[in-house]
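Raw target20.txt, compact mmCIF, C-alpha atoms and all ligand atoms:
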# COMPACT_ATOMS: atom_id res chain seq x y z
CA MET L 1 -16.65 0.73 5.47
CA PRO L 2 -16.57 3.34 2.69
CA ILE L 3 -13.10 4.23 1.43
CA SER L 4 -14.05 7.91 1.54
CA ALA L 5 -14.10 7.65 5.34
CA PHE L 6 -10.31 7.41 5.44
CA GLU L 7 -9.04 10.96 5.36
CA ARG L 8 -5.36 10.13 5.54
CA LEU L 9 -5.68 7.79 2.57
CA ASP L 10 -7.31 10.40 0.43
CA ASP L 11 -4.10 11.97 -0.90
CA LEU L 12 -2.82 8.62 -2.08
CA LEU L 13 -5.89 7.52 -3.92
CA LEU L 14 -7.02 8.23 -7.43
CA SER L 15 -10.57 7.51 -6.40
CA ASN L 16 -12.13 7.04 -3.01
CA GLU L 17 -15.19 5.27 -4.32
CA GLY L 18 -15.96 1.80 -3.11
CA ASP L 19 -15.66 -0.03 0.16
CA VAL L 20 -13.21 -2.03 2.14
CA SER L 21 -14.29 -4.89 4.32
CA TYR L 22 -12.73 -5.57 7.66
CA ARG L 23 -13.08 -7.98 10.49
CA LEU L 24 -11.86 -7.41 14.02
CA GLU L 25 -11.75 -10.22 16.50
CA GLY L 26 -10.44 -10.23 20.02
CA PHE L 27 -9.02 -13.20 21.86
CA LYS L 28 -6.79 -14.07 24.77
CA GLY L 29 -3.30 -15.32 24.04
CA GLU L 30 -1.27 -18.01 25.79
CA GLN L 31 -0.29 -15.76 28.67
CA GLY L 32 -3.69 -14.20 28.95
CA GLU L 33 -2.68 -11.22 26.84
CA LEU L 34 -5.45 -9.53 24.93
CA THR L 35 -4.92 -9.72 21.23
CA LEU L 36 -6.89 -8.43 18.31
CA GLN L 37 -6.85 -9.92 14.88
CA LEU L 38 -7.66 -7.46 12.16
CA THR L 39 -8.24 -8.48 8.58
CA VAL L 40 -8.90 -5.95 5.85
CA GLY L 41 -9.81 -6.65 2.26
CA GLY L 42 -10.80 -4.60 -0.75
CA VAL L 43 -9.34 -2.89 -3.76
CA LEU L 44 -7.92 0.62 -3.72
CA LEU L 45 -7.16 2.67 -6.80
CA LEU L 46 -3.78 4.35 -6.48
CA SER L 47 -2.38 6.61 -9.14
CA CYS L 48 0.68 5.49 -11.05
CA GLN L 49 3.76 7.64 -10.39
CA ARG L 50 4.74 7.42 -14.04
CA CYS L 51 1.60 7.69 -16.14
CA LEU L 52 -0.89 8.88 -13.49
CA GLU L 53 -3.41 6.23 -14.53
CA ALA L 54 -5.09 4.02 -11.96
CA VAL L 55 -3.17 1.18 -10.36
CA PRO L 56 -5.49 -1.24 -8.59
CA CYS L 57 -4.06 -2.44 -5.34
CA SER L 58 -5.84 -5.27 -3.59
CA LEU L 59 -5.62 -5.27 0.15
CA ASP L 60 -4.92 -8.44 2.02
CA VAL L 61 -4.24 -7.37 5.56
CA ASP L 62 -4.11 -9.88 8.38
CA SER L 63 -2.59 -8.38 11.48
CA LEU L 64 -2.26 -9.38 15.08
CA LEU L 65 -2.37 -6.52 17.51
CA GLN L 66 -1.51 -7.19 21.11
CA LEU L 67 -3.04 -4.78 23.53
CA ILE L 68 -0.67 -3.46 26.17
CA PRO L 69 -1.40 -1.12 29.06
CA GLU L 70 -0.67 2.53 28.45
CA GLY L 71 2.96 3.37 29.24
CA ALA L 72 4.06 -0.25 29.39
CA GLU L 73 7.65 -0.92 28.35
CA LEU L 74 8.24 -3.52 25.71
CA SER L 75 11.12 -5.94 25.99
CA GLN L 76 13.69 -6.11 23.21
CA GLU L 77 12.31 -9.49 22.28
CA GLU L 78 8.84 -8.05 21.91
CA LEU L 79 10.09 -5.14 19.83
CA GLU L 80 11.80 -7.48 17.41
CA ASP L 81 8.79 -9.72 17.10
CA ASP L 82 7.25 -8.81 13.78
CA THR L 83 4.56 -11.45 13.82
CA ARG L 84 2.38 -8.98 15.68
CA ASP L 85 2.13 -5.35 16.56
CA PHE L 86 1.63 -3.82 19.96
CA LEU L 87 -1.11 -1.41 20.59
CA PRO L 88 -1.14 0.71 23.72
CA VAL L 89 -4.57 1.00 25.19
CA ILE L 90 -4.90 4.71 25.62
CA LYS L 91 -8.49 5.71 25.51
CA GLY L 92 -10.95 3.47 23.81
CA LEU L 93 -10.23 2.06 20.44
CA ASP L 94 -10.96 3.85 17.23
CA VAL L 95 -11.60 0.99 14.87
CA ALA L 96 -11.72 3.18 11.76
CA GLU L 97 -8.33 4.64 12.64
CA LEU L 98 -6.93 1.20 13.26
CA VAL L 99 -8.18 -0.04 9.91
CA GLU L 100 -6.72 3.02 8.21
CA ASP L 101 -3.35 2.51 9.92
CA GLU L 102 -3.21 -1.03 8.67
CA ILE L 103 -4.17 0.00 5.14
CA LEU L 104 -1.45 2.68 5.13
CA LEU L 105 1.10 0.09 6.22
CA ALA L 106 -0.02 -2.31 3.51
CA LEU L 107 0.15 0.11 0.60
CA PRO L 108 3.21 0.20 -1.62
CA VAL L 109 5.46 3.21 -0.99
CA ILE L 110 5.47 4.05 -4.68
CA ALA L 111 2.52 2.96 -6.76
CA ARG L 112 3.16 2.32 -10.40
CA HIS L 113 2.39 -0.17 -13.11
CA GLU L 114 4.91 -2.85 -13.84
CA LYS L 115 4.50 -1.77 -17.43
CA CYS L 116 2.72 1.46 -18.09
CA GLY L 117 0.08 1.42 -20.75
CA LEU L 118 1.28 4.64 -22.36
CA PRO L 119 1.70 4.23 -26.11
CA GLY L 120 5.34 4.40 -27.09
CA ALA L 121 6.55 4.51 -23.49
CA ALA L 122 8.09 1.07 -23.67
CA ASP L 123 10.16 1.45 -26.82
CA ALA L 124 11.02 5.15 -26.80
CA GLY L 125 14.69 5.77 -27.45
CA GLY L 126 15.38 2.45 -29.10
CA ARG L 127 14.08 3.52 -32.47
CA VAL L 128 16.36 4.36 -35.38
CA ASN L 129 15.69 7.67 -37.05
CA PRO L 130 15.26 6.82 -40.76
CA PHE L 131 16.58 10.22 -41.85
CA ALA L 132 19.72 9.80 -39.82
CA ALA L 133 20.24 6.39 -41.43
CA LEU L 134 19.75 7.91 -44.86
CA ALA L 135 22.19 10.73 -44.15
CA GLU L 136 24.74 8.16 -43.09
CA LEU L 137 24.28 6.28 -46.40
CA LYS L 138 24.66 9.46 -48.43
CA GLY L 139 27.76 10.46 -46.54
CA LYS L 140 29.58 7.23 -47.39
CA PRO L 141 32.32 7.50 -49.96
CA ASN L 142 31.75 5.42 -53.09
ZN ZN O 201 1.64 3.64 -15.21
Write-out of the structure in C-alpha cells:
Amino acid sequence: MPISAFERLDDLLLSNEGDVSYRLEGFKGEQGELTLQLTVGGVLLLSCQRCLEAVPCSLDVDSLLQLIPEGAELSQEELEDDTRDFLPVIKGLDVAELVEDEILLALPVIARHEKCGLPGAADAGGRVNPFAALAELKGKPN
C-alpha cells in the first residue's frame, strides 16, 4: 500500500514516498468472537523536531482487533485488556483506514534523533572563549 494513500499521516511525514506492507487475517477466538490480526511493516520518514532532518521510523505493528457488534457495551475487564483492541462493526470495514489508525498509534509522539547530526549542536555552550580566557590572564595582578 503506498504511503501517499494515508492522508492523515501526511502532516507527520517528511516524505510520503515508499510503501508499507500489511497483512490482515481473521479468525474465531475461544468464545467464537471474531478477531482480526493486523500486522503492518515498513519504514516511514518522520521529520526531527530539533533539526528537521529525516528520522527513519520502522513500523512493527502486530495488533489484535476484536470485532464487536455496533453499540455493544464493553465490560470493565474488556476495557482494561490491552492485549487487543475492540472494533465496533459499523458499516463494512475500511482496511486502509484501519491500517492508518494502527500506524498513527505506533508512531512516536515526538520524532527526533537521539543525537542530531547538526555540526556543533552537541558541544555548543561547553566551549571556552579564548579571548575571555586571555582577558582573565591580563587582568590578574602580578
Ligand atoms: Zn535531529
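For the pair atom CA of Arg84 of chain L and atom CA of Gln66 of chain L, the interatomic distance is 6.9 Å.
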Item to check | Exercise: segment 85-100 of chain L partners within 9 Å, all atoms listed in the file, chain neighbours under 6 positions left out, as a list in words | outcome: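 Once the adjacent positions are removed, what remains is Met1, Ala5, Phe6, Glu7, Arg8, Leu9, Tyr22, Leu24, Thr35, Leu38, Thr39, Val40, Ser63, Leu64, Leu65, Gln66, Leu67, Ile68, Pro69, Glu70, Gly71, Ala72, Leu74, Glu78 and Leu79 of chain L.
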Per-residue nearest contacts chain L to ligand ZN 201 (chain O), cut-off 9 Å, using all atoms listed in the file, as a tab-separated table:
residue	atom	partner	partner_atom	distance
L:Ser47	CA	O:ZN201	ZN	7.9
L:Cys48	CA	O:ZN201	ZN	4.7
L:Gln49	CA	O:ZN201	ZN	6.6
L:Arg50	CA	O:ZN201	ZN	5.0
L:Cys51	CA	O:ZN201	ZN	4.2
L:Leu52	CA	O:ZN201	ZN	6.1
L:Glu53	CA	O:ZN201	ZN	5.7
L:Ala54	CA	O:ZN201	ZN	7.5
L:Val55	CA	O:ZN201	ZN	7.3
L:Ala111	CA	O:ZN201	ZN	8.5
L:Arg112	CA	O:ZN201	ZN	5.2
L:His113	CA	O:ZN201	ZN	4.4
L:Glu114	CA	O:ZN201	ZN	7.4
L:Lys115	CA	O:ZN201	ZN	6.5
L:Cys116	CA	O:ZN201	ZN	3.8
L:Gly117	CA	O:ZN201	ZN	6.2
L:Leu118	CA	O:ZN201	ZN	7.2
Item to check | Pick from L:Gly41, L:Gln76, L:Leu12, L:Asp82, whichever lies nearest to Pro108 of chain L using all atoms listed in the file | outcome: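 Of all the options, L:Leu12 lies closest to Pro108 of chain L.
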Checklist entry - By how many Å are atom CA of Gly26 of chain L and atom CA of Ile3 of chain L apart? => result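 Going from atom CA of Gly26 of chain L over to atom CA of Ile3 of chain L covers 23.7 Å.
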